[in-house]
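Colleague: Next comes the structure file my_file_6.txt, holding compact mmCIF, C-alpha atoms.
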# COMPACT_ATOMS: atom_id res chain seq x y z
CA MET E 142 122.50 94.69 52.85
CA ALA E 143 119.71 94.20 50.37
CA THR E 144 116.17 94.49 51.56
CA LYS E 145 114.74 91.08 52.15
CA LYS E 146 111.01 91.36 51.85
CA SER E 147 108.91 88.71 53.48
CA ASN E 148 105.44 90.13 53.24
CA THR E 149 103.47 87.33 54.84
CA ARG E 150 100.00 88.25 56.01
CA ALA E 151 99.19 86.55 59.28
CA ALA E 152 95.99 84.58 59.54
CA ASN E 153 92.76 86.12 60.84
CA GLY E 154 93.85 89.73 60.31
CA ASN E 155 96.91 89.52 62.54
CA GLY E 156 98.97 91.86 60.34
CA THR E 157 101.95 91.58 58.02
CA ILE E 158 105.63 91.00 58.65
CA ARG E 159 108.63 91.98 56.55
CA GLN E 160 112.37 92.24 57.02
CA ARG E 161 113.85 95.72 56.76
CA ALA E 162 117.10 96.81 55.13
CA ASP E 163 118.75 97.15 58.55
CA GLY E 164 118.12 93.48 59.29
CA ARG E 165 115.27 94.03 61.75
CA TRP E 166 111.83 92.55 61.27
CA GLU E 167 108.81 94.84 61.14
CA GLY E 168 105.23 93.86 61.74
CA ARG E 169 102.25 96.07 60.99
CA LEU E 170 98.81 95.61 62.49
CA THR E 171 95.56 97.49 61.91
CA VAL E 172 94.43 98.68 65.33
CA GLU E 173 91.70 101.19 64.45
CA TRP E 174 89.28 101.99 61.63
CA ASP E 175 87.84 105.42 61.04
CA ALA E 176 84.08 104.99 60.99
CA GLY E 177 83.66 107.97 58.66
CA SER E 178 86.38 107.48 56.04
CA GLY E 179 86.94 103.77 56.47
CA LYS E 180 90.69 104.38 56.64
CA GLN E 181 92.83 102.04 58.67
CA LYS E 182 95.20 103.09 61.42
CA GLN E 183 98.17 100.78 61.81
CA ARG E 184 100.82 100.23 64.43
CA SER E 185 104.33 98.92 63.80
CA PHE E 186 106.25 96.39 65.88
CA TYR E 187 109.96 95.69 65.59
CA GLY E 188 112.32 92.89 66.56
CA TRP E 189 115.45 91.04 65.50
CA SER E 190 113.59 87.84 64.66
CA GLN E 191 110.43 87.05 62.76
CA LYS E 192 109.20 84.97 65.69
CA GLU E 193 109.59 87.86 68.15
CA VAL E 194 107.59 90.21 65.94
CA ALA E 195 104.93 87.59 65.29
CA GLU E 196 104.41 87.18 69.05
CA LYS E 197 104.05 90.95 69.48
CA LEU E 198 101.50 91.05 66.67
CA ARG E 199 99.47 88.25 68.19
CA ALA E 200 99.43 89.96 71.63
CA ALA E 201 98.37 93.29 70.11
CA ALA E 202 95.68 91.58 68.04
CA VAL E 203 94.25 90.03 71.21
CA GLU E 204 94.13 93.46 72.88
CA ARG E 205 92.53 94.97 69.78
CA ASP E 206 89.91 92.23 69.60
CA LYS E 207 89.02 92.88 73.24
CA GLY E 208 87.97 96.34 72.13
CA LEU E 209 91.06 98.15 73.37
CA ASN E 210 92.42 101.16 71.56
CA VAL E 211 95.98 99.95 70.87
CA LYS E 212 97.96 103.16 70.53
CA THR E 213 101.60 103.77 69.78
CA PRO E 214 103.34 103.63 73.21
CA GLU E 215 104.82 107.12 72.74
CA LYS E 216 101.29 108.58 72.62
CA ILE E 217 99.89 106.82 75.67
CA THR E 218 99.69 108.90 78.86
CA VAL E 219 99.98 107.51 82.37
CA SER E 220 96.32 108.39 82.88
CA SER E 221 95.06 106.50 79.81
CA TRP E 222 97.20 103.47 80.62
CA LEU E 223 95.90 103.36 84.20
CA GLN E 224 92.33 103.34 82.90
CA THR E 225 93.21 100.51 80.49
CA TRP E 226 94.87 98.61 83.32
CA LEU E 227 91.86 99.01 85.61
CA THR E 228 89.29 97.94 83.03
CA THR E 229 91.33 95.15 81.42
CA TYR E 230 93.63 93.64 84.03
CA CYS E 231 91.73 94.18 87.28
CA THR E 232 88.59 92.28 86.34
CA THR E 233 89.04 89.40 88.80
CA ILE E 234 89.79 91.32 92.00
CA LYS E 235 87.20 91.90 94.70
CA PRO E 236 84.80 94.82 94.14
CA ASN E 237 85.91 96.70 97.26
CA THR E 238 89.56 96.29 96.27
CA LEU E 239 88.81 97.59 92.77
CA TYR E 240 87.00 100.56 94.29
CA THR E 241 90.09 101.34 96.38
CA TYR E 242 92.35 101.06 93.33
CA LYS E 243 90.15 103.45 91.35
CA LYS E 244 90.05 105.94 94.20
CA GLN E 245 93.84 105.92 94.49
CA VAL E 246 94.20 106.33 90.73
CA ASP E 247 91.66 109.17 90.47
CA CYS E 248 92.54 111.06 93.65
CA ARG E 249 96.30 110.56 94.00
CA ILE E 250 98.08 109.22 90.95
CA VAL E 251 96.38 110.90 87.99
CA PRO E 252 96.46 114.45 89.46
CA ALA E 253 100.21 114.10 90.00
CA LEU E 254 101.36 112.02 87.03
CA GLY E 255 98.42 111.47 84.70
CA ALA E 256 99.50 113.91 81.99
CA VAL E 257 102.99 112.41 81.68
CA LYS E 258 103.61 110.20 78.63
CA LEU E 259 103.89 106.58 79.72
CA THR E 260 107.26 106.10 78.02
CA ALA E 261 108.57 109.33 79.58
CA LEU E 262 107.70 108.55 83.22
CA ARG E 263 110.92 108.54 85.25
CA PRO E 264 111.71 107.23 88.76
CA ASP E 265 112.55 110.74 89.98
CA GLN E 266 109.05 111.93 88.99
CA VAL E 267 107.49 109.10 90.95
CA GLN E 268 109.77 109.86 93.90
CA LYS E 269 108.82 113.53 93.85
CA SER E 270 105.13 112.61 93.86
CA VAL E 271 105.68 110.24 96.79
CA ASN E 272 107.49 112.96 98.72
CA ASN E 273 104.64 115.41 98.06
CA LEU E 274 102.13 112.99 99.57
CA THR E 275 103.90 113.35 102.91
CA LYS E 276 103.47 117.14 102.93
CA GLY E 277 100.63 119.64 103.11
CA ASP E 278 97.72 120.08 105.48
CA ASP E 279 96.49 116.51 105.01
CA PRO E 280 99.53 114.26 104.48
CA LEU E 281 99.00 110.58 103.80
CA SER E 282 100.19 107.98 106.27
CA PRO E 283 103.18 105.84 105.26
CA LYS E 284 100.85 102.85 104.87
CA SER E 285 98.50 104.76 102.56
CA ILE E 286 101.44 105.95 100.46
CA LYS E 287 102.76 102.40 100.25
CA ASN E 288 99.37 101.18 99.02
CA CYS E 289 99.16 104.00 96.47
CA VAL E 290 102.61 103.24 95.04
CA ALA E 291 101.74 99.53 94.98
CA VAL E 292 98.84 100.32 92.64
CA LEU E 293 101.06 102.35 90.31
CA ARG E 294 103.82 99.72 90.43
CA SER E 295 101.37 96.97 89.49
CA ALA E 296 100.08 98.98 86.51
CA MET E 297 103.63 99.74 85.38
CA THR E 298 104.62 96.07 85.71
CA ARG E 299 101.84 95.21 83.29
CA ALA E 300 103.08 97.95 80.94
CA VAL E 301 106.55 96.33 80.99
CA GLN E 302 105.03 92.93 80.27
CA ASN E 303 103.16 94.45 77.32
CA ASP E 304 106.40 95.94 75.91
CA LEU E 305 105.07 99.46 76.32
CA ILE E 306 107.98 100.51 78.54
CA ARG E 307 111.38 98.94 79.21
CA LYS E 308 111.64 99.32 82.99
CA ASN E 309 109.25 99.91 85.86
CA PRO E 310 109.68 103.55 87.02
CA CYS E 311 108.51 102.55 90.51
CA ASP E 312 111.53 100.33 91.11
CA ASN E 313 113.85 101.62 93.82
CA VAL E 314 111.48 104.41 94.86
CA GLU E 315 112.01 105.14 98.56
CA LEU E 316 108.88 105.08 100.69
CA PRO E 317 108.42 106.81 104.04
CA LYS E 318 108.98 104.43 106.92
CA ALA E 319 105.90 103.47 108.81
CA LYS E 320 105.89 103.37 112.57
CA LYS E 321 104.80 99.96 113.64
CA LYS E 322 101.53 100.23 115.55
CA GLU E 323 101.59 98.64 118.94
CA ILE E 324 98.72 96.20 119.28
CA GLN E 325 96.55 96.42 122.37
CA PRO E 326 95.34 92.93 123.30
CA LEU E 327 93.34 92.33 126.43
CA ASP E 328 95.21 90.72 129.30
CA GLU E 329 93.67 88.20 131.69
CA THR E 330 92.05 90.90 133.80
CA GLY E 331 90.81 92.75 130.73
CA ILE E 332 89.29 89.56 129.29
CA ALA E 333 87.41 88.88 132.51
CA GLU E 334 86.11 92.46 132.61
CA PHE E 335 85.12 92.33 128.95
CA MET E 336 83.21 89.08 129.41
CA LYS E 337 81.33 90.69 132.28
CA ALA E 338 80.57 93.81 130.23
CA ILE E 339 79.04 91.88 127.30
CA SER E 340 77.08 89.45 129.47
CA GLY E 341 73.39 89.48 128.57
CA HIS E 342 73.83 91.67 125.49
CA HIS E 343 71.98 90.41 122.38
CA ASN E 344 75.30 90.27 120.44
CA GLU E 345 77.23 88.72 123.31
CA LEU E 346 78.01 85.50 121.45
CA ILE E 347 79.76 86.99 118.40
CA PHE E 348 82.11 88.89 120.71
CA LYS E 349 82.85 85.73 122.69
CA ILE E 350 83.51 83.68 119.55
CA ALA E 351 85.77 86.43 118.19
CA LEU E 352 87.74 86.47 121.42
CA PHE E 353 88.22 82.71 121.60
CA THR E 354 88.71 81.82 117.91
CA GLY E 355 90.47 84.86 116.45
CA MET E 356 88.11 84.96 113.47
CA ARG E 357 87.85 88.23 111.58
CA GLN E 358 84.70 90.33 111.90
CA GLY E 359 83.52 89.69 108.33
CA GLU E 360 84.23 85.97 108.66
CA LEU E 361 82.04 85.76 111.74
CA MET E 362 79.26 87.74 110.07
CA GLY E 363 79.38 85.41 107.05
CA LEU E 364 79.58 82.17 109.05
CA LYS E 365 76.78 79.69 108.35
CA TRP E 366 75.55 76.72 110.37
CA SER E 367 76.61 74.47 107.51
CA ASP E 368 80.21 75.54 108.21
CA ILE E 369 80.12 74.02 111.69
CA ASP E 370 80.65 70.28 112.20
CA PHE E 371 79.62 69.68 115.79
CA ASP E 372 80.39 65.95 115.58
CA LYS E 373 84.02 66.52 114.56
CA GLY E 374 84.39 69.76 116.49
CA LEU E 375 85.45 71.78 113.45
CA ILE E 376 84.57 75.15 111.94
CA THR E 377 85.29 75.85 108.26
CA ILE E 378 85.94 79.49 107.40
CA GLN E 379 85.33 80.03 103.69
CA ARG E 380 83.65 83.42 103.22
CA GLN E 381 83.03 86.83 104.72
CA LEU E 382 80.09 89.22 104.70
CA VAL E 383 81.20 92.57 103.27
CA HIS E 384 79.57 95.92 102.61
CA GLY E 385 80.16 97.49 99.20
CA LYS E 386 82.07 100.78 99.21
CA THR E 387 80.36 102.18 96.13
CA LYS E 388 77.15 104.14 96.59
CA GLY E 389 74.00 102.06 96.51
CA THR E 390 75.65 98.71 97.18
CA GLY E 391 74.67 96.73 100.23
CA TYR E 392 76.02 93.63 101.90
CA SER E 393 77.20 90.60 99.96
CA MET E 394 79.22 87.45 100.43
CA ALA E 395 82.86 87.38 99.36
CA SER E 396 85.83 85.08 99.74
CA THR E 397 88.05 85.44 102.80
CA LYS E 398 90.68 88.17 102.98
CA THR E 399 93.36 85.83 101.62
CA ASP E 400 90.93 83.95 99.31
CA ALA E 401 91.79 80.77 101.22
CA ILE E 402 89.52 78.33 103.06
CA ARG E 403 90.70 77.19 106.47
CA THR E 404 89.41 74.87 109.17
CA ILE E 405 89.86 75.50 112.88
CA ARG E 406 89.23 73.35 115.94
CA PRO E 407 87.94 75.64 118.68
CA ALA E 408 87.73 74.83 122.36
CA PRO E 409 84.77 72.55 123.22
CA LEU E 410 83.23 75.35 125.29
CA VAL E 411 83.01 77.50 122.16
CA LEU E 412 81.03 74.77 120.41
CA ASP E 413 78.76 74.47 123.46
CA TRP E 414 78.00 78.19 123.21
CA LEU E 415 77.16 77.78 119.54
CA LYS E 416 74.88 74.80 120.18
CA SER E 417 72.92 76.79 122.77
CA TRP E 418 72.51 79.71 120.38
CA GLN E 419 71.42 77.38 117.57
CA LYS E 420 68.51 76.21 119.72
CA GLU E 421 67.63 79.77 120.71
CA GLN E 422 67.79 80.95 117.11
CA SER E 423 65.56 78.07 115.97
CA ALA E 424 62.96 79.13 118.51
CA LEU E 425 63.12 82.71 117.26
CA ARG E 426 62.73 81.50 113.66
CA LEU E 427 59.56 79.62 114.58
CA ARG E 428 58.22 82.64 116.44
CA PHE E 429 58.70 85.04 113.52
CA GLY E 430 57.74 82.57 110.80
CA LYS E 431 57.59 84.21 107.37
CA GLN E 432 58.94 87.43 108.86
CA TRP E 433 62.26 85.78 109.64
CA GLY E 434 64.75 87.79 107.60
CA ASP E 435 67.82 85.62 107.00
CA ASN E 436 68.23 86.47 103.31
CA PHE E 437 71.72 84.91 103.14
CA GLY E 438 70.50 81.49 104.23
CA GLY E 439 71.57 79.92 107.51
CA LEU E 440 73.71 82.63 109.06
CA VAL E 441 74.97 81.83 112.55
CA PHE E 442 74.99 85.41 113.81
CA THR E 443 71.79 87.37 113.26
CA ASP E 444 69.63 89.78 115.19
CA VAL E 445 66.43 88.55 116.84
CA THR E 446 64.52 88.83 113.55
CA GLY E 447 67.05 86.89 111.47
CA GLN E 448 68.69 89.89 109.81
CA HIS E 449 72.43 89.88 109.26
CA LEU E 450 74.57 91.99 111.58
CA CYS E 451 76.25 95.22 110.45
CA HIS E 452 79.93 96.17 110.66
CA SER E 453 79.15 99.62 112.04
CA THR E 454 76.98 98.18 114.80
CA LEU E 455 79.68 95.80 116.00
CA THR E 456 82.32 98.52 115.76
CA HIS E 457 80.30 100.90 117.94
CA GLU E 458 79.40 98.17 120.41
CA ALA E 459 83.04 97.09 120.77
CA ARG E 460 84.03 100.68 121.56
CA ARG E 461 81.21 101.03 124.06
CA PHE E 462 82.24 97.83 125.87
CA GLY E 463 85.84 99.06 125.78
CA LYS E 464 84.86 102.29 127.53
CA ALA E 465 83.06 100.25 130.18
CA ILE E 466 86.30 98.44 131.08
CA GLY E 467 88.58 101.46 130.81
CA LYS E 468 89.78 100.83 127.22
CA PRO E 469 87.99 103.48 125.12
CA ASP E 470 90.07 102.73 122.00
CA LEU E 471 89.12 99.05 121.89
CA ARG E 472 88.36 97.79 118.38
CA PHE E 473 86.59 94.59 117.36
CA HIS E 474 89.87 93.52 115.71
CA ASP E 475 91.63 93.73 119.09
CA LEU E 476 89.70 90.63 120.12
CA ARG E 477 91.55 88.76 117.36
CA HIS E 478 94.86 90.06 118.71
CA SER E 479 93.81 89.04 122.21
CA TYR E 480 93.12 85.49 121.02
CA ALA E 481 96.56 85.27 119.37
CA VAL E 482 98.36 86.47 122.50
CA MET E 483 96.36 84.04 124.64
CA CYS E 484 97.54 81.21 122.37
CA ILE E 485 101.16 82.38 122.63
CA ARG E 486 101.00 82.54 126.40
CA ALA E 487 99.35 79.12 126.49
CA GLY E 488 102.39 77.71 124.67
CA ASP E 489 100.83 77.04 121.25
CA ASP E 490 103.29 76.80 118.37
CA PHE E 491 103.33 79.60 115.83
CA LYS E 492 102.41 77.32 112.94
CA THR E 493 99.12 76.41 114.61
CA ILE E 494 98.41 80.02 115.62
CA SER E 495 99.15 81.26 112.10
CA SER E 496 96.90 78.59 110.57
CA ASN E 497 94.02 79.42 112.91
CA LEU E 498 94.32 83.13 112.18
CA GLY E 499 94.41 82.54 108.42
CA HIS E 500 97.72 84.32 107.78
CA THR E 501 99.35 83.50 104.46
CA THR E 502 102.72 82.85 106.10
CA ILE E 503 103.98 82.13 109.60
CA THR E 504 106.34 85.10 109.19
CA ILE E 505 103.38 87.50 109.28
CA THR E 506 102.21 86.02 112.59
CA MET E 507 105.67 86.15 114.14
CA ASP E 508 106.17 89.74 113.00
CA ILE E 509 102.86 90.97 114.44
CA TYR E 510 103.28 89.24 117.78
CA ALA E 511 107.06 89.36 118.19
CA ALA E 512 106.74 91.45 121.35
CA PHE E 513 104.80 88.66 123.06
CA THR E 514 107.23 85.82 122.43
CA ASN E 515 109.20 86.38 125.64
CA ASP E 516 106.64 84.35 127.54
CA MET E 517 107.15 81.45 125.10
CA ALA E 518 110.91 81.68 125.46
CA LEU E 519 110.66 81.68 129.26
CA ALA E 520 108.28 78.70 129.25
CA SER E 521 110.64 76.82 126.91
CA SER E 522 113.56 77.60 129.21
CA ASN E 523 111.64 76.34 132.23
CA ARG E 524 110.67 73.13 130.40
CA MET E 525 114.29 72.49 129.46
CA THR E 526 115.40 73.09 133.04
CA ALA E 527 112.83 70.63 134.33
CA TYR E 528 113.90 68.06 131.73
CA MET E 529 117.60 68.43 132.58
CA GLN E 530 116.82 67.94 136.27
CA SER E 531 114.71 64.89 135.46
CA ILE E 532 117.66 63.15 133.80
CA GLY E 533 120.10 64.09 136.52
CA VAL E 534 121.92 66.95 134.80
CA GLY E 535 122.92 69.44 137.45
Write the structure described by the file as structure tokens, please.
Modeller:
Amino acid sequence: MATKKSNTRAANGNGTIRQRADGRWEGRLTVEWDAGSGKQKQRSFYGWSQKEVAEKLRAAAVERDKGLNVKTPEKITVSSWLQTWLTTYCTTIKPNTLYTYKKQVDCRIVPALGAVKLTALRPDQVQKSVNNLTKGDDPLSPKSIKNCVAVLRSAMTRAVQNDLIRKNPCDNVELPKAKKKEIQPLDETGIAEFMKAISGHHNELIFKIALFTGMRQGELMGLKWSDIDFDKGLITIQRQLVHGKTKGTGYSMASTKTDAIRTIRPAPLVLDWLKSWQKEQSALRLRFGKQWGDNFGGLVFTDVTGQHLCHSTLTHEARRFGKAIGKPDLRFHDLRHSYAVMCIRAGDDFKTISSNLGHTTITITMDIYAAFTNDMALASSNRMTAYMQSIGVG
């Protein structure tokens, strides 16, 4: 077949396209310029239609104009692609999440697979690396391995979308099975003992609100008075106070764990506790005057000088109160679990419980608390029995 040349230069420096003798279309795009010689470095793109090649050229031109070094896929290593992925496609995630991604890339993925050419990475290589993470003197937990592979899979998915590789090498990789951790909620006796242990402590209220609303620790620390509607009896949960993981970063406000805003209707007694603390806090603010240190503006939970609370402080206090009631492994998060189990035993439906907890799906709630649904089933059975008797079914 005769060569059919169609040298059409795309607008705005987006390259040229021609049809080759074999029938395929070829596009060429300048991706680098040598600052010394002024010579251009081009990359070729191929396809069976002019439209397909034109789309590839446009995508590559966008990457080039962002300042990326658009290399031939065969020359890109896993390490260089991961760095491109982190700096280009992870720009909207939360800072602490990005820090975790970078740590997994630098400490786990690159040492094992970084030198491999991106186009040469095979599923068996990924599988071998996963298996190695379970061995040695300091093996990773199944959950940590799952998170590590999730980072690599996400980066490889983007590589597939960018036509750098054909298939994701992380597909069908077998992960070690994680043993489901048994949650340790407080029972009725434990709740009574815990309430007694925290009584009179200067952080008593945040523990009580955690126990009877199921709010996460960061959500409570980031709660503001403007989020509470005492007239309607509602609390809006729309942010959390987080501590940066990178050196030199302090506390800052961030969106909730799921990035969603939710509204809960707590028990009236919870709102009464909050009203009492609001009055007490106002008195403290007047006493300290200009020395009042609420630099986040209107936080509900502060120390006596208006400063925000710290995660480490609450963590240590929760453990100390746990030891006092014979539960030395008690975590602040166990108060959230305790709230959920209380709701289940009180007969609340899972949709309401899931909504109050801020889970993305009801399935998550049911999976976490499956072991505590027997009480609901028994209560349902008893209600049905009572109903049948009431209508004369015997």
Colleague: E:Leu262, E:Met362, E:Val194, E:Ala408: which is nearest E:Leu170, counting all atoms listed in the file?
Modeller: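 Smallest distance to E:Leu170 is found for E:Val194.
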Colleague: Quick one: residues within 7 Å of E:Arg184, all atoms listed in the file, excluding same-chain residues fewer than 3 positions away - as a list in words?
Modeller: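 Near E:Arg184, the qualifying residues are Arg169, Leu170, Thr171, Val172 and Thr213 of chain E.
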Colleague: Looking at E:Ala481, E:Gln245, E:Lys349, E:Gly255, which one is nearest to E:Ala459, with distances taken over only C-alpha atoms?
Modeller: E:Lys349
Colleague: Do you have the atom CA of E:Gly331-atom CA of E:Phe353 distance handy?
Modeller: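 Atom CA of E:Gly331 sits 13.8 Å away from atom CA of E:Phe353.
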Colleague: Check the smallest atom-to-atom distance from each of E:Gly447, E:Pro252, E:Gly499, E:Gly391 to E:Gln432 using only C-alpha atoms, then report the winner.
Modeller: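 Among E:Gly447, E:Pro252, E:Gly499, E:Gly391, it is E:Gly447 that comes nearest to E:Gln432.
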Colleague: If you measure from atom CA of E:Met336 to atom CA of E:Phe491, what distance in Å do you get, rounded to one decimal?
Modeller: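 Separation between atom CA of E:Met336 and atom CA of E:Phe491: 26.1 Å.
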Colleague: State, in Å with one decimal place, the distance from atom CA of E:Thr514 to atom CA of E:Met356.
Modeller: 21.1 Å
